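K.L.:
Please find data.cif (mmCIF, C-alpha atoms and all ligand atoms) on the next line:
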data_target
#
loop_
_atom_site.label_atom_id
_atom_site.label_comp_id
_atom_site.auth_asym_id
_atom_site.auth_seq_id
_atom_site.Cartn_x
_atom_site.Cartn_y
_atom_site.Cartn_z
CA MET A 1 100.22 106.43 97.96
CA ARG A 2 99.80 107.98 101.36
CA LYS A 3 96.48 109.49 102.26
CA LYS A 4 95.71 113.05 103.27
CA ILE A 5 93.60 112.79 106.40
CA ALA A 6 91.53 115.26 108.44
CA ALA A 7 90.56 113.45 111.63
CA GLY A 8 88.40 114.96 114.35
CA ASN A 9 88.70 113.51 117.84
CA TRP A 10 85.57 114.55 119.70
CA LYS A 11 86.89 113.03 122.96
CA MET A 12 84.24 112.96 125.74
CA ASN A 13 82.07 115.69 124.26
CA CYS A 14 78.65 116.08 122.55
CA THR A 15 75.13 115.05 123.36
CA LEU A 16 73.38 112.91 120.74
CA GLU A 17 71.72 116.04 119.40
CA LYS A 18 75.01 117.90 119.04
CA ALA A 19 76.70 114.82 117.53
CA SER A 20 73.96 114.61 114.88
CA GLU A 21 74.10 118.31 114.13
CA LEU A 22 77.88 118.31 113.82
CA SER A 23 78.07 115.21 111.65
CA ASN A 24 75.24 116.51 109.42
CA LYS A 25 77.19 119.70 108.76
CA ILE A 26 80.34 117.77 107.88
CA ILE A 27 78.50 115.30 105.62
CA GLU A 28 76.73 118.16 103.88
CA ALA A 29 80.03 119.94 103.24
CA GLY A 30 81.60 116.67 102.04
CA SER A 31 85.21 115.66 102.27
CA PRO A 32 87.23 117.39 99.54
CA ASP A 33 88.57 115.20 96.72
CA GLY A 34 91.62 113.26 97.81
CA VAL A 35 91.02 113.92 101.51
CA LEU A 36 89.86 111.23 103.91
CA THR A 37 87.81 112.64 106.81
CA ILE A 38 87.62 110.51 109.93
CA LEU A 39 85.32 111.36 112.83
CA CYS A 40 86.51 109.73 116.07
CA VAL A 41 83.30 109.78 118.04
CA PRO A 42 82.18 108.62 121.50
CA SER A 43 81.39 104.91 121.25
CA VAL A 44 77.71 105.32 122.21
CA TYR A 45 77.15 107.24 118.95
CA ILE A 46 79.10 104.96 116.63
CA SER A 47 76.10 102.97 115.37
CA THR A 48 73.95 105.99 114.66
CA LEU A 49 76.73 107.90 112.95
CA LEU A 50 77.99 104.91 110.96
CA ASP A 51 74.58 104.58 109.38
CA LYS A 52 74.56 108.12 108.10
CA ALA A 53 78.20 109.03 107.69
CA SER A 54 80.41 106.10 106.89
CA HIS A 55 80.79 106.02 103.16
CA GLY A 56 83.68 106.74 100.85
CA ASN A 57 85.85 109.49 102.15
CA ILE A 58 84.04 110.15 105.42
CA GLN A 59 84.57 107.46 108.03
CA ILE A 60 83.56 106.96 111.66
CA ALA A 61 86.24 105.79 114.10
CA ALA A 62 86.25 104.57 117.68
CA GLN A 63 88.37 106.48 120.19
CA ASN A 64 89.52 103.38 122.04
CA VAL A 65 89.22 99.62 122.23
CA HIS A 66 90.10 97.07 124.92
CA HIS A 67 93.30 95.05 124.66
CA LYS A 68 91.66 91.67 125.38
CA PRO A 69 89.44 89.94 122.82
CA SER A 70 86.45 89.44 125.14
CA GLY A 71 85.47 88.54 128.68
CA ALA A 72 84.72 89.97 132.10
CA TYR A 73 85.78 93.59 131.54
CA THR A 74 82.70 95.53 132.55
CA GLY A 75 82.14 98.66 130.53
CA GLU A 76 84.77 97.91 127.91
CA ILE A 77 84.46 97.56 124.15
CA SER A 78 86.15 94.85 122.08
CA VAL A 79 87.51 94.84 118.54
CA GLU A 80 84.94 92.20 117.68
CA MET A 81 82.14 94.54 118.72
CA LEU A 82 83.59 97.37 116.64
CA SER A 83 84.10 95.20 113.60
CA SER A 84 80.57 93.77 113.91
CA LEU A 85 79.30 97.35 113.56
CA GLY A 86 81.49 97.93 110.51
CA VAL A 87 83.97 100.31 112.16
CA LYS A 88 87.16 100.63 110.12
CA TYR A 89 89.37 102.89 112.27
CA VAL A 90 90.28 103.17 115.94
CA VAL A 91 92.47 105.62 117.86
CA ILE A 92 95.13 103.80 119.87
CA GLY A 93 97.67 105.29 122.27
CA HIS A 94 96.27 108.76 122.73
CA SER A 95 98.27 110.55 125.43
CA GLU A 96 95.10 110.93 127.50
CA ARG A 97 94.71 107.13 127.52
CA ARG A 98 98.40 106.67 128.30
CA GLU A 99 98.27 109.15 131.17
CA TYR A 100 94.84 108.80 132.79
CA PHE A 101 94.29 105.10 132.10
CA HIS A 102 97.90 103.98 132.47
CA GLU A 103 98.09 102.38 129.05
CA THR A 104 101.63 101.16 128.49
CA ASN A 105 103.38 100.46 125.20
CA ASP A 106 102.78 96.73 125.80
CA ILE A 107 99.04 97.23 126.18
CA LEU A 108 98.97 99.51 123.14
CA LEU A 109 100.74 96.90 121.06
CA GLU A 110 98.18 94.28 122.14
CA LYS A 111 95.35 96.62 121.14
CA THR A 112 97.01 97.34 117.81
CA LYS A 113 97.43 93.67 116.95
CA LEU A 114 93.87 92.83 117.94
CA ALA A 115 92.48 95.71 115.89
CA LEU A 116 94.51 94.70 112.85
CA SER A 117 93.42 91.08 113.19
CA ALA A 118 89.81 92.31 112.99
CA GLY A 119 90.53 94.46 109.94
CA ILE A 120 90.34 97.74 111.88
CA LEU A 121 93.02 100.30 111.07
CA PRO A 122 94.73 101.99 114.03
CA LEU A 123 95.40 105.71 114.21
CA PHE A 124 98.40 105.21 116.46
CA CYS A 125 99.35 108.22 118.62
CA CYS A 126 102.72 109.21 120.00
CA GLY A 127 104.12 112.39 121.52
CA GLU A 128 106.30 113.87 124.22
CA SER A 129 105.64 115.98 127.32
CA LEU A 130 106.89 119.53 127.72
CA GLU A 131 109.58 118.35 130.11
CA ILE A 132 110.98 115.94 127.53
CA ARG A 133 110.78 118.56 124.79
CA LYS A 134 112.71 121.01 126.98
CA SER A 135 115.37 118.40 127.74
CA GLY A 136 115.96 118.00 124.01
CA ALA A 137 115.20 114.25 124.08
CA HIS A 138 111.89 114.52 122.18
CA LEU A 139 112.98 112.81 118.96
CA ASP A 140 114.40 109.78 120.77
CA PHE A 141 111.46 109.60 123.15
CA VAL A 142 108.87 109.49 120.37
CA LEU A 143 110.90 107.05 118.27
CA ASP A 144 111.17 104.78 121.33
CA GLN A 145 107.37 104.85 121.71
CA LEU A 146 107.16 103.61 118.12
CA ARG A 147 110.07 101.14 118.36
CA GLU A 148 108.36 99.45 121.30
CA THR A 149 105.03 99.21 119.51
CA ILE A 150 104.16 99.55 115.83
CA LEU A 151 107.71 99.20 114.51
CA THR A 152 107.71 95.61 115.82
CA LEU A 153 104.76 94.68 113.56
CA SER A 154 105.12 92.68 110.38
CA VAL A 155 105.40 94.81 107.28
CA GLU A 156 101.98 93.62 106.08
CA ASP A 157 100.42 94.81 109.35
CA PHE A 158 102.38 98.03 109.45
CA LYS A 159 101.01 99.08 106.05
CA ASN A 160 97.62 99.51 107.76
CA ILE A 161 98.81 101.96 110.40
CA VAL A 162 98.27 105.71 110.41
CA ILE A 163 100.60 107.54 112.81
CA ALA A 164 99.53 110.65 114.72
CA TYR A 165 102.21 112.77 116.35
CA GLU A 166 100.65 114.75 119.19
CA PRO A 167 103.02 116.67 121.46
CA ILE A 168 101.31 116.65 124.86
CA TRP A 169 102.27 120.29 125.48
CA ALA A 170 100.26 121.34 122.44
CA ILE A 171 97.07 119.39 123.23
CA GLY A 172 94.21 121.62 124.34
CA THR A 173 96.66 124.35 125.33
CA GLY A 174 96.26 126.65 122.35
CA GLU A 175 99.99 126.30 121.87
CA THR A 176 100.76 124.62 118.55
CA ALA A 177 104.02 123.06 117.53
CA SER A 178 105.46 125.32 114.86
CA PRO A 179 105.24 123.89 111.34
CA GLU A 180 109.03 123.43 111.54
CA GLN A 181 108.81 121.52 114.84
CA ALA A 182 106.10 119.28 113.38
CA GLN A 183 108.12 118.73 110.21
CA GLU A 184 111.27 117.85 112.19
CA MET A 185 109.42 115.17 114.16
CA HIS A 186 107.48 113.82 111.19
CA ALA A 187 110.65 113.53 109.09
CA SER A 188 112.38 111.73 111.91
CA ILE A 189 109.46 109.30 112.28
CA ARG A 190 109.38 108.66 108.53
CA ASN A 191 113.12 108.10 108.53
CA GLU A 192 112.78 105.52 111.31
CA VAL A 193 109.96 103.77 109.45
CA ALA A 194 112.22 103.64 106.38
CA LYS A 195 115.02 102.08 108.44
CA VAL A 196 112.71 99.31 109.64
CA PHE A 197 110.39 98.73 106.68
CA GLY A 198 112.12 100.42 103.74
CA GLN A 199 111.68 103.77 101.99
CA GLU A 200 108.68 102.76 99.90
CA ILE A 201 106.61 101.83 102.94
CA ALA A 202 107.79 104.98 104.74
CA ASN A 203 106.70 107.12 101.80
CA ASP A 204 103.28 105.49 101.90
CA THR A 205 102.73 106.04 105.64
CA SER A 206 100.37 108.84 106.62
CA ILE A 207 101.66 110.83 109.59
CA LEU A 208 99.18 113.26 111.13
CA TYR A 209 99.92 116.16 113.44
CA GLY A 210 97.72 116.84 116.48
CA GLY A 211 97.82 119.63 119.04
CA SER A 212 95.76 122.84 118.81
CA VAL A 213 95.17 122.54 115.07
CA LYS A 214 92.53 125.08 113.96
CA GLY A 215 91.20 126.68 110.81
CA ALA A 216 93.74 129.46 111.14
CA ASN A 217 96.89 127.31 111.34
CA ALA A 218 96.03 124.07 109.51
CA LYS A 219 97.20 125.24 106.09
CA GLU A 220 100.75 126.07 107.09
CA ILE A 221 101.14 122.89 109.14
CA PHE A 222 99.68 120.64 106.41
CA ALA A 223 101.94 122.32 103.85
CA LYS A 224 105.00 120.67 105.38
CA PRO A 225 106.22 117.75 103.24
CA ASP A 226 106.00 115.10 105.96
CA VAL A 227 102.71 116.26 107.49
CA ASP A 228 99.83 114.33 105.91
CA GLY A 229 96.99 115.86 107.89
CA GLY A 230 95.75 116.44 111.38
CA LEU A 231 94.14 114.81 114.38
CA VAL A 232 92.05 117.64 115.73
CA GLY A 233 90.48 117.88 119.19
CA GLY A 234 88.77 121.11 120.28
CA ALA A 235 88.38 122.62 116.82
CA SER A 236 86.67 119.47 115.51
CA LEU A 237 83.66 120.25 117.72
CA ASN A 238 82.89 123.33 115.65
CA GLY A 239 81.49 122.39 112.25
CA GLU A 240 82.70 125.44 110.33
CA GLU A 241 86.13 125.31 111.91
CA PHE A 242 86.57 121.62 111.12
CA ILE A 243 85.30 122.06 107.53
CA THR A 244 87.95 124.78 107.09
CA ILE A 245 90.56 122.29 108.34
CA MET A 246 89.27 119.60 105.93
CA ASN A 247 89.81 122.13 103.15
CA SER A 248 93.32 123.14 104.23
CA PHE A 249 95.32 120.73 102.08
P1 LIG B 301 93.38 119.75 120.57
O1 LIG B 301 93.20 119.92 119.09
O2 LIG B 301 92.19 120.16 121.39
O3 LIG B 301 94.66 120.36 121.05
O4 LIG B 301 93.52 118.16 120.84
C1 LIG B 301 94.39 117.43 120.06
C2 LIG B 301 94.14 115.99 120.32
O5 LIG B 301 94.40 115.49 121.39
C3 LIG B 301 93.51 115.21 119.24
O6 LIG B 301 93.53 113.85 119.52
#
Translate this structure into C-alpha cells?
P.N.:
Amino acid sequence: MRKKIAAGNWKMNCTLEKASELSNKIIEAGSPDGVLTILCVPSVYISTLLDKASHGNIQIAAQNVHHKPSGAYTGEISVEMLSSLGVKYVVIGHSERREYFHETNDILLEKTKLALSAGILPLFCCGESLEIRKSGAHLDFVLDQLRETILTLSVEDFKNIVIAYEPIWAIGTGETASPEQAQEMHASIRNEVAKVFGQEIANDTSILYGGSVKGANAKEIFAKPDVDGGLVGGASLNGEEFITIMNSF
C-alpha cells in the first residue's frame, strides 16, 4: 500500500538551536497514525537529529548525496557515509540542484542507483518551469524527466522510490498549483508508471506534491486521489504550520 507522507525540506536554513527546537516540536506533536513524516535536514545536523528523531513514523533524510561512491570530491557526502549513520531517505533531483548545481538526468540516475544499493530510499523530484507550463508541454516534460531516470530502474529498485512533483513556478513563490493541476500531473505520472511497471506497482507508488504547500492549502491538495502527501519547503520551518500539514490527510 502506498504511504501518506509529509516531508519537510529545510533547505539551507536553521542554526543548530533552531533545528533542535523545530524537531522537538514535531517529535512532541508526533506523526499522525498512518502518516510518515520525513525531515530533510542540512547534512551537518543529520547525526544529532537521527539520534532523537528517527524512529517509526518520523524519519530524518539527507537533502543530497554525491553521485560517486567515494574519492577526491572535497566537501561532498557519499551514500556510504549516509548509510553508516543510519539514514534511510535522501532527496534526489530537486530543481534547485538541477538548476544551480547543473545536475543532469544522468547524474541523478547515478545518485539514485547508488542510494538504492546502500538501502537508502530516494525522494525523487521532478517538475517543469513556468515557460514549459505556459507552452503546454508540462506533462511530456515531466514524464521525460522520469523516463530518463527512475523509469529505467528494475522493478525491484523502483518499488523503493517516492516521487515528488514540484513545479518550479510554485516553489517559494507563494503560488501553488491548483489541486486540479496537481492531480492532472500526478495521474499522468501514475499512468506512466503503470505502463512501465504495471498497475499494481503504480498504485503502490507515493507521489508527493511540492510548491508553496502550507497549513491553509494542504488539505485540499492532499484530498486529490493521486496526491499522497507533500514535500514542503518554507512552511516546514514553522513548527505549528508543519504540524498542521502533517495533520491534513
Ligand atoms: P516551498 O514549499 O517553499 O515552495 O518549497 C517547495 C520545495 O522546494 C520543497 O522541496
K.L.:
Enumerate as a list in words the residues within 6 Å of ligand LIG 301 (chain B), counting all atoms listed in the file.
P.N.:
Asn9, Ala170, Ile171, Gly172, Gly210, Gly211, Ser212, Val213, Leu231, Val232, Gly233, Gly234 and Ala235 of chain A
K.L.:
Please, what is the axis-aligned box for every listed atom of stretch 36-40 of chain A with 3 Å on each side, as centre and edge lengths in Å to one decimal, as JSON?
P.N.:
{"center_x": 87.6, "center_y": 111.2, "center_z": 110.0, "size_x": 10.5, "size_y": 8.9, "size_z": 18.2}
K.L.:
Counting all atoms listed in the file, which of A:Leu139, A:Val35, A:Lys11, A:Leu123 gets nearest to A:Asn191?
P.N.:
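Closest residue, counting all atoms listed in the file: A:Leu139.
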K.L.:
Tell me which of A:Val90, A:Cys14, A:Ala202, A:Val65 sits closest to A:Glu103, counting all atoms listed in the file.
P.N.:
A:Val65
K.L.:
Expressed in Å to a single decimal, how great is the separation between atom CA of A:Ile243 and atom CA of A:Asp228?
P.N.:
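According to the coordinates, atom CA of A:Ile243 and atom CA of A:Asp228 are separated by 16.5 Å.
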K.L.:
Report, in Å to a single decimal, how far apart atom CA of A:Trp10 and atom CA of A:Asn160 are.
P.N.:
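Between atom CA of A:Asn160 and atom CA of A:Trp10 the gap is 22.7 Å.
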K.L.:
Atom CA of A:Ile26 to atom CA of A:Glu180: how many Å, to one decimal?
P.N.:
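It comes out at 29.5 Å.
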K.L.:
From the options A:His66, A:Phe197, A:Leu85, A:Thr74, which residue's atoms come nearest to A:Glu156, counting all atoms listed in the file?
P.N.:
A:Phe197
K.L.:
Fewer than 3 positions away in the same chain doesn't count, so skip those; otherwise give me all residues within 10 Å of A:Ala29, counting all atoms listed in the file, as a list in words.
P.N.:
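Once the adjacent positions are removed, what remains is Ser23, Asn24, Lys25, Ile26, Pro32, Gly239, Glu240, Ile243 and Met246 of chain A.
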K.L.:
Using all atoms listed in the file, find the one residue out of A:Ile27, A:Leu22, A:Met81, A:Ile92 that sits nearest to A:Ser47.
P.N.:
A:Met81
K.L.:
For a quick check of understanding, using all atoms listed in the file, which of A:Gly119, A:Pro42, A:Gly127, A:Gly229 has the smallest distance to A:Glu96?
P.N.:
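Among A:Gly119, A:Pro42, A:Gly127, A:Gly229, it is A:Gly127 that comes nearest to A:Glu96.
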K.L.:
Select, from A:Leu237, A:Asp140, A:Asp226, A:Glu110, the residue with the minimum atom-to-atom distance to A:Gln183, counting all atoms listed in the file.
P.N.:
A:Asp226
